[in-house]
$ cat work.cif   # mmCIF, C-alpha atoms and all ligand atoms
data_run
#
loop_
_atom_site.label_atom_id
_atom_site.label_comp_id
_atom_site.auth_asym_id
_atom_site.auth_seq_id
_atom_site.Cartn_x
_atom_site.Cartn_y
_atom_site.Cartn_z
CA MET A 296 -10.42 14.78 -25.64
CA SER A 297 -11.75 11.57 -24.15
CA GLU A 298 -9.10 9.39 -25.86
CA ASN A 299 -6.40 11.49 -24.13
CA ARG A 300 -8.04 11.31 -20.77
CA GLY A 301 -5.86 10.08 -17.88
CA THR A 302 -6.61 7.15 -15.59
CA LEU A 303 -7.49 7.34 -11.90
CA TYR A 304 -5.81 4.65 -9.79
CA GLY A 305 -7.31 3.97 -6.36
CA ILE A 306 -4.34 2.61 -4.44
CA GLY A 307 -4.18 1.00 -1.02
CA VAL A 308 -0.75 1.59 0.53
CA GLY A 309 -1.19 -1.07 3.22
CA PRO A 310 -1.22 -0.68 6.99
CA GLY A 311 2.04 1.20 7.54
CA ASP A 312 5.17 -0.68 6.56
CA PRO A 313 6.23 0.61 3.10
CA ASP A 314 7.40 -2.95 2.31
CA LEU A 315 3.75 -4.06 2.44
CA ILE A 316 2.81 -1.96 -0.60
CA THR A 317 2.14 -4.20 -3.59
CA ILE A 318 4.40 -4.22 -6.65
CA LYS A 319 1.36 -3.33 -8.74
CA ALA A 320 0.79 -0.22 -6.59
CA VAL A 321 4.47 0.77 -6.84
CA LYS A 322 4.35 0.43 -10.65
CA ALA A 323 1.18 2.54 -10.86
CA MET A 324 2.58 5.24 -8.57
CA ALA A 325 5.61 5.51 -10.86
CA GLU A 326 3.27 6.32 -13.79
CA VAL A 327 1.14 9.06 -12.26
CA ASP A 328 1.46 12.82 -12.54
CA VAL A 329 -0.66 13.71 -9.52
CA ILE A 330 -1.17 12.01 -6.16
CA PHE A 331 -4.44 12.71 -4.36
CA THR A 332 -5.05 11.83 -0.77
CA ALA A 333 -7.58 12.65 1.91
CA SER A 334 -7.38 14.62 5.09
CA SER A 335 -9.98 16.02 7.40
CA SER A 336 -10.55 19.72 6.71
CA LYS A 337 -8.78 20.50 9.99
CA ASN A 338 -5.64 18.58 9.17
CA SER A 339 -3.71 18.40 5.93
CA PHE A 340 -1.32 15.68 7.14
CA SER A 341 -1.61 12.49 5.13
CA LEU A 342 -0.29 9.27 6.58
CA ALA A 343 -0.93 7.43 3.30
CA VAL A 344 1.52 9.73 1.48
CA GLU A 345 4.08 9.34 4.25
CA ILE A 346 3.88 5.53 3.98
CA ALA A 347 4.13 5.61 0.17
CA GLN A 348 6.93 8.23 0.16
CA PRO A 349 9.81 5.80 -0.60
CA HIS A 350 7.97 4.73 -3.76
CA LEU A 351 6.77 8.12 -5.06
CA PRO A 352 8.46 9.86 -8.00
CA GLN A 353 10.44 12.87 -6.74
CA GLU A 354 8.65 15.49 -8.80
CA VAL A 355 5.11 14.19 -8.36
CA GLU A 356 2.47 16.73 -7.40
CA VAL A 357 0.62 15.87 -4.16
CA VAL A 358 -2.88 17.28 -3.64
CA VAL A 359 -4.60 16.81 -0.28
CA LEU A 360 -8.37 16.76 -0.65
CA PRO A 361 -10.55 17.85 2.27
CA PHE A 362 -12.98 15.30 3.69
CA PRO A 363 -14.81 17.12 6.49
CA MET A 364 -15.27 15.15 9.71
CA THR A 365 -19.04 15.53 10.03
CA LYS A 366 -22.13 13.34 10.12
CA ASP A 367 -24.03 15.94 8.06
CA LYS A 368 -24.75 14.00 4.85
CA GLU A 369 -25.28 17.15 2.81
CA VAL A 370 -21.91 18.62 3.81
CA MET A 371 -20.17 15.28 3.20
CA GLY A 372 -21.89 14.69 -0.17
CA LYS A 373 -20.92 18.19 -1.34
CA ALA A 374 -17.26 17.62 -0.37
CA TRP A 375 -17.10 14.21 -2.08
CA ASN A 376 -18.61 15.64 -5.29
CA GLU A 377 -16.24 18.62 -5.25
CA ASN A 378 -13.30 16.26 -4.73
CA ALA A 379 -14.46 14.10 -7.66
CA ASP A 380 -14.68 17.26 -9.80
CA THR A 381 -11.10 18.19 -8.83
CA ILE A 382 -9.86 14.72 -9.82
CA ALA A 383 -11.83 14.74 -13.10
CA ALA A 384 -10.30 18.13 -14.03
CA VAL A 385 -6.82 16.58 -13.73
CA LEU A 386 -7.78 13.51 -15.81
CA ASP A 387 -9.24 15.87 -18.45
CA GLN A 388 -5.72 17.28 -18.93
CA GLY A 389 -4.55 13.81 -19.96
CA LYS A 390 -2.75 13.30 -16.64
CA ASN A 391 -2.82 10.05 -14.71
CA ALA A 392 -3.69 10.36 -11.03
CA ALA A 393 -3.63 8.13 -7.96
CA PHE A 394 -5.79 8.41 -4.89
CA LEU A 395 -3.85 6.89 -1.97
CA THR A 396 -5.51 5.37 1.06
CA LEU A 397 -4.36 3.30 4.01
CA GLY A 398 -4.81 -0.44 3.96
CA ASP A 399 -7.19 -1.53 1.23
CA PRO A 400 -8.91 1.23 -0.78
CA LEU A 401 -12.36 -0.40 -0.65
CA THR A 402 -12.41 -1.38 3.05
CA TYR A 403 -13.72 1.41 5.28
CA SER A 404 -11.95 3.87 3.02
CA THR A 405 -12.43 7.36 1.60
CA PHE A 406 -11.66 5.98 -1.85
CA GLY A 407 -14.96 4.07 -1.69
CA TYR A 408 -16.83 7.41 -1.69
CA ILE A 409 -14.66 8.86 -4.45
CA ALA A 410 -15.12 5.74 -6.60
CA GLN A 411 -18.91 5.99 -6.27
CA CYS A 412 -18.95 9.74 -7.07
CA MET A 413 -16.71 9.16 -10.12
CA GLN A 414 -18.90 6.30 -11.35
CA LYS A 415 -22.00 8.51 -11.01
CA SER A 416 -20.70 11.84 -12.34
CA TYR A 417 -17.93 10.64 -14.66
CA PRO A 418 -18.92 7.11 -15.73
CA ASP A 419 -16.66 7.06 -18.82
CA TYR A 420 -13.48 8.07 -16.99
CA PRO A 421 -10.99 5.19 -16.68
CA MET A 422 -10.57 4.01 -13.10
CA VAL A 423 -8.45 1.13 -11.77
CA THR A 424 -8.54 0.05 -8.12
CA ILE A 425 -5.42 -1.63 -6.74
CA SER A 426 -6.15 -3.53 -3.55
CA GLY A 427 -3.93 -3.18 -0.52
CA ILE A 428 -3.12 -5.29 2.52
CA THR A 429 -5.65 -4.42 5.22
CA SER A 430 -4.77 -3.48 8.76
CA PHE A 431 -6.41 -6.62 10.13
CA GLN A 432 -4.53 -8.92 7.73
CA ALA A 433 -1.29 -7.32 8.90
CA ALA A 434 -2.39 -7.63 12.55
CA ALA A 435 -3.17 -11.35 12.11
CA ALA A 436 0.30 -11.78 10.61
CA ARG A 437 1.81 -9.83 13.52
CA ILE A 438 0.39 -12.36 15.99
CA ASN A 439 1.01 -15.31 13.65
CA THR A 440 -2.63 -16.38 13.92
CA PRO A 441 -5.14 -17.31 11.18
CA LEU A 442 -8.00 -14.84 10.80
CA VAL A 443 -10.47 -17.50 9.69
CA GLU A 444 -10.28 -21.22 8.89
CA GLY A 445 -12.31 -24.04 7.35
CA GLU A 446 -16.05 -23.37 7.53
CA GLU A 447 -15.77 -20.54 10.08
CA THR A 448 -17.21 -17.08 9.60
CA LEU A 449 -15.45 -13.74 10.03
CA MET A 450 -17.27 -10.57 11.02
CA ILE A 451 -15.52 -7.30 10.20
CA THR A 452 -17.10 -4.29 11.80
CA SER A 453 -16.53 -0.91 13.40
CA GLY A 454 -16.04 -0.37 17.11
CA ALA A 455 -16.73 3.36 16.84
CA TYR A 456 -20.02 2.94 18.70
CA GLY A 457 -18.62 0.61 21.33
CA GLY A 458 -19.84 -2.97 21.65
CA ALA A 459 -23.17 -2.51 19.80
CA HIS A 460 -22.18 -4.51 16.70
CA VAL A 461 -20.55 -7.24 18.76
CA ARG A 462 -23.78 -7.72 20.76
CA ARG A 463 -25.90 -7.76 17.59
CA VAL A 464 -23.91 -10.18 15.44
CA ALA A 465 -20.93 -11.73 17.22
CA GLU A 466 -22.87 -14.74 18.47
CA GLY A 467 -23.05 -16.14 14.94
CA ALA A 468 -19.42 -15.46 14.07
CA GLU A 469 -16.45 -17.53 15.19
CA ASN A 470 -14.08 -14.68 14.41
CA VAL A 471 -14.54 -10.93 14.86
CA VAL A 472 -12.45 -7.97 13.71
CA LEU A 473 -13.27 -4.59 15.23
CA LEU A 474 -11.71 -1.61 13.51
CA LYS A 475 -11.86 1.90 15.02
CA ALA A 476 -11.56 0.31 18.47
CA TYR A 477 -10.43 3.47 20.25
CA LYS A 478 -13.57 4.94 21.82
CA ASN A 479 -15.96 3.30 24.29
CA VAL A 480 -13.41 0.57 24.95
CA ASP A 481 -15.12 -0.31 28.26
CA ASP A 482 -18.29 -1.13 26.36
CA ILE A 483 -16.36 -3.10 23.72
CA ALA A 484 -14.70 -5.21 26.45
CA GLU A 485 -18.09 -5.70 28.11
CA ALA A 486 -19.71 -6.85 24.83
CA LEU A 487 -16.82 -9.24 24.12
CA SER A 488 -17.21 -10.64 27.62
CA GLU A 489 -20.98 -11.16 27.11
CA SER A 490 -20.14 -13.13 23.93
CA ASN A 491 -17.49 -15.16 25.81
CA LEU A 492 -14.86 -13.62 23.56
CA LEU A 493 -12.93 -11.42 25.99
CA ASP A 494 -10.42 -14.13 26.86
CA HIS A 495 -10.09 -14.88 23.15
CA SER A 496 -9.28 -11.34 22.01
CA CYS A 497 -6.30 -9.11 21.52
CA ALA A 498 -5.76 -5.57 20.30
CA VAL A 499 -3.09 -4.38 17.89
CA LYS A 500 -2.11 -0.74 17.86
CA LYS A 501 -0.19 0.96 15.01
CA CYS A 502 0.60 -2.35 13.34
CA GLY A 503 3.81 -2.09 11.31
CA ARG A 504 4.38 1.49 12.39
CA GLU A 505 6.44 3.25 15.02
CA GLY A 506 4.77 2.69 18.38
CA GLU A 507 3.33 -0.71 17.40
CA GLU A 508 1.90 -2.58 20.37
CA VAL A 509 0.05 -5.85 20.92
CA ILE A 510 -2.32 -5.66 23.88
CA TRP A 511 -3.03 -9.28 24.82
CA ASN A 512 -5.70 -8.43 27.36
CA VAL A 513 -8.37 -6.26 25.75
CA GLY A 514 -9.63 -5.39 29.25
CA ASP A 515 -6.37 -3.39 29.65
CA LEU A 516 -7.48 -0.97 26.90
CA LYS A 517 -9.46 0.94 29.53
CA GLU A 518 -6.20 2.01 31.18
CA ILE A 519 -4.13 2.26 28.01
CA LYS A 520 -6.61 4.61 26.27
CA PRO A 521 -5.82 3.46 22.72
CA ASP A 522 -5.48 5.86 19.85
CA TYR A 523 -7.41 5.73 16.57
CA TRP A 524 -4.99 3.22 15.01
CA THR A 525 -6.18 0.31 17.10
CA LEU A 526 -8.07 -2.81 16.10
CA ILE A 527 -9.25 -5.90 17.95
CA ILE A 528 -9.21 -9.51 16.77
CA ALA A 529 -11.43 -11.98 18.65
CA LYS A 530 -11.49 -15.72 17.97
CA GLN A 531 -14.04 -18.10 19.46
CA ASN A 532 -11.80 -21.13 18.89
CA ASN A 533 -8.44 -19.69 19.91
CA GLU A 534 -7.28 -18.19 23.18
CA LEU A 535 -5.17 -15.32 22.01
CA ARG A 536 -3.63 -14.52 25.39
CA ARG A 537 0.15 -14.73 25.71
C1 LIG B 601 -11.06 4.06 8.32
S1 LIG B 601 -10.43 2.50 8.83
C2 LIG B 601 -9.32 2.18 7.51
C3 LIG B 601 -9.15 0.70 7.24
C4 LIG B 601 -8.19 0.45 6.10
N1 LIG B 601 -8.73 0.86 4.82
C5 LIG B 601 -7.79 -1.05 6.02
O1 LIG B 601 -7.93 -1.64 4.94
O2 LIG B 601 -7.31 -1.56 7.01
C6 LIG B 601 -9.35 2.99 10.11
C7 LIG B 601 -9.16 1.90 11.15
O3 LIG B 601 -8.32 0.90 10.60
C8 LIG B 601 -7.51 0.35 11.64
N2 LIG B 601 -6.11 0.52 11.27
C9 LIG B 601 -5.61 1.07 10.16
N3 LIG B 601 -4.26 0.98 10.13
C10 LIG B 601 -3.91 0.34 11.27
C11 LIG B 601 -2.67 -0.09 11.82
N4 LIG B 601 -1.51 0.15 11.18
N5 LIG B 601 -2.69 -0.75 13.01
C12 LIG B 601 -3.84 -1.01 13.66
N6 LIG B 601 -5.06 -0.63 13.18
C13 LIG B 601 -5.08 0.03 12.01
C14 LIG B 601 -7.86 1.09 12.94
O4 LIG B 601 -8.82 0.31 13.63
C15 LIG B 601 -8.48 2.36 12.41
O5 LIG B 601 -9.39 2.93 13.35
#
$ encode --input "work.cif" --output "structure tokens"
Amino acid sequence: MSENRGTLYGIGVGPGDPDLITIKAVKAMAEVDVIFTASSSKNSFSLAVEIAQPHLPQEVEVVVLPFPMTKDKEVMGKAWNENADTIAAVLDQGKNAAFLTLGDPLTYSTFGYIAQCMQKSYPDYPMVTISGITSFQAAAARINTPLVEGEETLMITSGAYGGAHVRRVAEGAENVVLLKAYKNVDDIAEALSESNLLDHSCAVKKCGREGEEVIWNVGDLKEIKPDYWTLIIAKQNNELRR
């Protein structure tokens, strides 16, 4: 059986514009029998599939796997393992499968959990990860500004808990990317200000997608109330204001 086993492709579909999906990803998607993607248990809508749609074979089966939105490690671990079992059962039938994620599949991505579960429970199953263009690479391109240059450092972190990570580490980094910059935006702006980065920051919302917006003054986020698809770029050596 094992010689007939299918391959799992972990594919990043990029930040939103279907033209930013790599040729390698498009070729792999053309070869697969089943497309897996993640949703929260409450919501079966998958943005990754919507973005990849122009490149998917017409008859391909799409399976949305539940990833419960909880901090309970036991509940999460159980769901990840069950999802890995579901994928393995498809590969056992000799079918190739792809797991689609937004941006890059190994950068703050559900595929990271799936890859680790597969490596642990199904170490002999063939798996190929195809990197994707991250949201922050696309955002840097959107504002035509380098993310990092020369000997500088770049800190990539989550803004889900407000400015905590900025306060802890930003002092040593010339450049900061904050993903998940949609909650506690007052605190994020405050932390950027404490690090003298507020006037050197901008936010990009829904980069490459309908509703895209560049918010040149991060302090304005308080009024704008950004949605989940918002990130912030801050650069010590570059005033990003326009
Ligand atoms: C779970 S992370 C996924 C990151 C993704 N794997 C990547 O490589 O960019 C979700 C966060 O990525 C950022 N993000 C993803 N797509 C975006 C887009 N099109 N525009 C702006 N931010 C985006 C937002 O900060 C969002 O809260």
$ residues_near_ligand --input "work.cif" --ligand "ligand LIG 601 (chain B)" --cutoff "8 Å" --atoms "only C-alpha atoms and all ligand atoms" --output "PyMOL selection string"
chain A and resi 307+309-311+396-405+427-434+453+473-477+499-504+507+523-527
$ atom_distance --input "work.cif" --atom1 "CA of Ile330 in chain A" --atom2 "CA of Val358 in chain A"
6.1 Å
$ closest_atom_pairs --input "work.cif" --of "range 362-438 of chain A" --to "range 303-306 of chain A" --cutoff "10 Å" --atoms "only C-alpha atoms" --output "CSV"
residue,atom,partner,partner_atom,distance
A:Ile382,CA,A:Leu303,CA,8.0
A:Ala383,CA,A:Leu303,CA,8.7
A:Val385,CA,A:Leu303,CA,9.4
A:Leu386,CA,A:Leu303,CA,7.3
A:Lys390,CA,A:Leu303,CA,9.0
A:Asn391,CA,A:Leu303,CA,6.1
A:Ala392,CA,A:Leu303,CA,4.9
A:Ala393,CA,A:Tyr304,CA,4.5
A:Phe394,CA,A:Gly305,CA,4.9
A:Leu395,CA,A:Ile306,CA,5.0
A:Thr396,CA,A:Ile306,CA,6.3
A:Leu397,CA,A:Ile306,CA,8.5
A:Gly398,CA,A:Ile306,CA,8.9
A:Asp399,CA,A:Ile306,CA,7.6
A:Pro400,CA,A:Ile306,CA,6.0
A:Leu401,CA,A:Gly305,CA,8.8
A:Phe406,CA,A:Gly305,CA,6.6
A:Gly407,CA,A:Gly305,CA,9.0
A:Ile409,CA,A:Gly305,CA,9.0
A:Ala410,CA,A:Gly305,CA,8.0
A:Met413,CA,A:Leu303,CA,9.6
A:Tyr420,CA,A:Leu303,CA,7.9
A:Pro421,CA,A:Leu303,CA,6.3
A:Met422,CA,A:Leu303,CA,4.7
A:Val423,CA,A:Tyr304,CA,4.8
A:Thr424,CA,A:Gly305,CA,4.5
A:Ile425,CA,A:Ile306,CA,4.9
A:Ser426,CA,A:Ile306,CA,6.5
A:Gly427,CA,A:Ile306,CA,7.0
$ atom_distance --input "work.cif" --atom1 "CA of Ala484 in chain A" --atom2 "CA of Asp312 in chain A"
28.5 Å
$ axis_aligned_box --input "work.cif" --around "range 342-351 of chain A" --padding-each-side "6 Å" --output "JSON"
{"center_x": 4.4, "center_y": 7.2, "center_z": 0.8, "size_x": 22.7, "size_y": 17.0, "size_z": 23.6}
$ closest_residue --input "work.cif" --among "A:Ile483, A:Ala465, A:Met324, A:Ala333" --to "His350 in chain A" --atoms "all atoms listed in the file"
A:Met324
$ build_atoms --input "work.cif" --residues "range 357-390 of chain A" --atoms "N, CA and C atoms" --output "mmCIF file, in the frame of the given file"
data_model
loop_
_atom_site.group_PDB
_atom_site.id
_atom_site.type_symbol
_atom_site.label_atom_id
_atom_site.label_comp_id
_atom_site.auth_asym_id
_atom_site.auth_seq_id
_atom_site.Cartn_x
_atom_site.Cartn_y
_atom_site.Cartn_z
ATOM 1 N N VAL A 357 1.499 16.479 -5.167
ATOM 2 C CA VAL A 357 0.620 15.870 -4.160
ATOM 3 C C VAL A 357 -0.493 16.858 -3.812
ATOM 4 N N VAL A 358 -1.727 16.421 -3.956
ATOM 5 C CA VAL A 358 -2.880 17.280 -3.640
ATOM 6 C C VAL A 358 -3.690 16.630 -2.527
ATOM 7 N N VAL A 359 -3.833 17.340 -1.420
ATOM 8 C CA VAL A 359 -4.600 16.810 -0.280
ATOM 9 C C VAL A 359 -6.030 17.317 -0.386
ATOM 10 N N LEU A 360 -6.965 16.390 -0.485
ATOM 11 C CA LEU A 360 -8.370 16.760 -0.650
ATOM 12 C C LEU A 360 -9.064 16.769 0.723
ATOM 13 N N PRO A 361 -9.880 17.787 0.963
ATOM 14 C CA PRO A 361 -10.550 17.850 2.270
ATOM 15 C C PRO A 361 -11.754 16.922 2.352
ATOM 16 N N PHE A 362 -11.800 16.123 3.393
ATOM 17 C CA PHE A 362 -12.980 15.300 3.690
ATOM 18 C C PHE A 362 -13.455 15.708 5.077
ATOM 19 N N PRO A 363 -14.443 16.604 5.165
ATOM 20 C CA PRO A 363 -14.810 17.120 6.490
ATOM 21 C C PRO A 363 -15.287 16.028 7.420
ATOM 22 N N MET A 364 -14.853 16.119 8.685
ATOM 23 C CA MET A 364 -15.270 15.150 9.710
ATOM 24 C C MET A 364 -16.631 15.567 10.250
ATOM 25 N N THR A 365 -17.692 15.161 9.601
ATOM 26 C CA THR A 365 -19.040 15.530 10.030
ATOM 27 C C THR A 365 -19.982 14.386 9.722
ATOM 28 N N LYS A 366 -21.109 14.348 10.434
ATOM 29 C CA LYS A 366 -22.130 13.340 10.120
ATOM 30 C C LYS A 366 -23.210 13.948 9.236
ATOM 31 N N ASP A 367 -23.052 15.250 8.906
ATOM 32 C CA ASP A 367 -24.030 15.940 8.060
ATOM 33 C C ASP A 367 -23.879 15.433 6.612
ATOM 34 N N LYS A 368 -24.876 14.656 6.162
ATOM 35 C CA LYS A 368 -24.750 14.000 4.850
ATOM 36 C C LYS A 368 -24.638 14.994 3.709
ATOM 37 N N GLU A 369 -25.323 16.152 3.888
ATOM 38 C CA GLU A 369 -25.280 17.150 2.810
ATOM 39 C C GLU A 369 -23.861 17.734 2.669
ATOM 40 N N VAL A 370 -23.271 18.055 3.826
ATOM 41 C CA VAL A 370 -21.910 18.620 3.810
ATOM 42 C C VAL A 370 -20.929 17.595 3.242
ATOM 43 N N MET A 371 -21.089 16.329 3.675
ATOM 44 C CA MET A 371 -20.170 15.280 3.200
ATOM 45 C C MET A 371 -20.334 15.066 1.687
ATOM 46 N N GLY A 372 -21.609 14.943 1.252
ATOM 47 C CA GLY A 372 -21.890 14.690 -0.170
ATOM 48 C C GLY A 372 -21.307 15.791 -1.045
ATOM 49 N N LYS A 373 -21.433 17.050 -0.574
ATOM 50 C CA LYS A 373 -20.920 18.190 -1.340
ATOM 51 C C LYS A 373 -19.395 18.083 -1.466
ATOM 52 N N ALA A 374 -18.735 17.739 -0.352
ATOM 53 C CA ALA A 374 -17.260 17.620 -0.370
ATOM 54 C C ALA A 374 -16.824 16.488 -1.291
ATOM 55 N N TRP A 375 -17.498 15.340 -1.225
ATOM 56 C CA TRP A 375 -17.100 14.210 -2.080
ATOM 57 C C TRP A 375 -17.242 14.592 -3.549
ATOM 58 N N ASN A 376 -18.389 15.268 -3.874
ATOM 59 C CA ASN A 376 -18.610 15.640 -5.290
ATOM 60 C C ASN A 376 -17.566 16.651 -5.749
ATOM 61 N N GLU A 377 -17.255 17.617 -4.879
ATOM 62 C CA GLU A 377 -16.240 18.620 -5.250
ATOM 63 C C GLU A 377 -14.883 17.943 -5.451
ATOM 64 N N ASN A 378 -14.576 16.979 -4.599
ATOM 65 C CA ASN A 378 -13.300 16.260 -4.730
ATOM 66 C C ASN A 378 -13.266 15.454 -6.032
ATOM 67 N N ALA A 379 -14.391 14.838 -6.386
ATOM 68 C CA ALA A 379 -14.460 14.100 -7.660
ATOM 69 C C ALA A 379 -14.266 15.062 -8.830
ATOM 70 N N ASP A 380 -14.855 16.260 -8.730
ATOM 71 C CA ASP A 380 -14.680 17.260 -9.800
ATOM 72 C C ASP A 380 -13.202 17.648 -9.941
ATOM 73 N N THR A 381 -12.538 17.815 -8.806
ATOM 74 C CA THR A 381 -11.100 18.190 -8.830
ATOM 75 C C THR A 381 -10.293 17.103 -9.527
ATOM 76 N N ILE A 382 -10.596 15.842 -9.210
ATOM 77 C CA ILE A 382 -9.860 14.720 -9.820
ATOM 78 C C ILE A 382 -10.163 14.665 -11.326
ATOM 79 N N ALA A 383 -11.441 14.815 -11.672
ATOM 80 C CA ALA A 383 -11.830 14.740 -13.100
ATOM 81 C C ALA A 383 -11.122 15.827 -13.909
ATOM 82 N N ALA A 384 -10.962 17.022 -13.304
ATOM 83 C CA ALA A 384 -10.300 18.130 -14.030
ATOM 84 C C ALA A 384 -8.852 17.758 -14.361
ATOM 85 N N VAL A 385 -8.204 17.014 -13.481
ATOM 86 C CA VAL A 385 -6.820 16.580 -13.730
ATOM 87 C C VAL A 385 -6.797 15.522 -14.840
ATOM 88 N N LEU A 386 -7.722 14.565 -14.783
ATOM 89 C CA LEU A 386 -7.780 13.510 -15.810
ATOM 90 C C LEU A 386 -8.081 14.115 -17.176
ATOM 91 N N ASP A 387 -8.901 15.194 -17.191
ATOM 92 C CA ASP A 387 -9.240 15.870 -18.450
ATOM 93 C C ASP A 387 -8.005 16.445 -19.142
ATOM 94 N N GLN A 388 -6.970 16.735 -18.335
ATOM 95 C CA GLN A 388 -5.720 17.280 -18.930
ATOM 96 C C GLN A 388 -4.834 16.165 -19.473
ATOM 97 N N GLY A 389 -5.339 14.941 -19.455
ATOM 98 C CA GLY A 389 -4.550 13.810 -19.960
ATOM 99 C C GLY A 389 -3.555 13.291 -18.928
ATOM 100 N N LYS A 390 -3.682 13.745 -17.689
ATOM 101 C CA LYS A 390 -2.750 13.300 -16.640
ATOM 102 C C LYS A 390 -3.309 12.072 -15.936
#
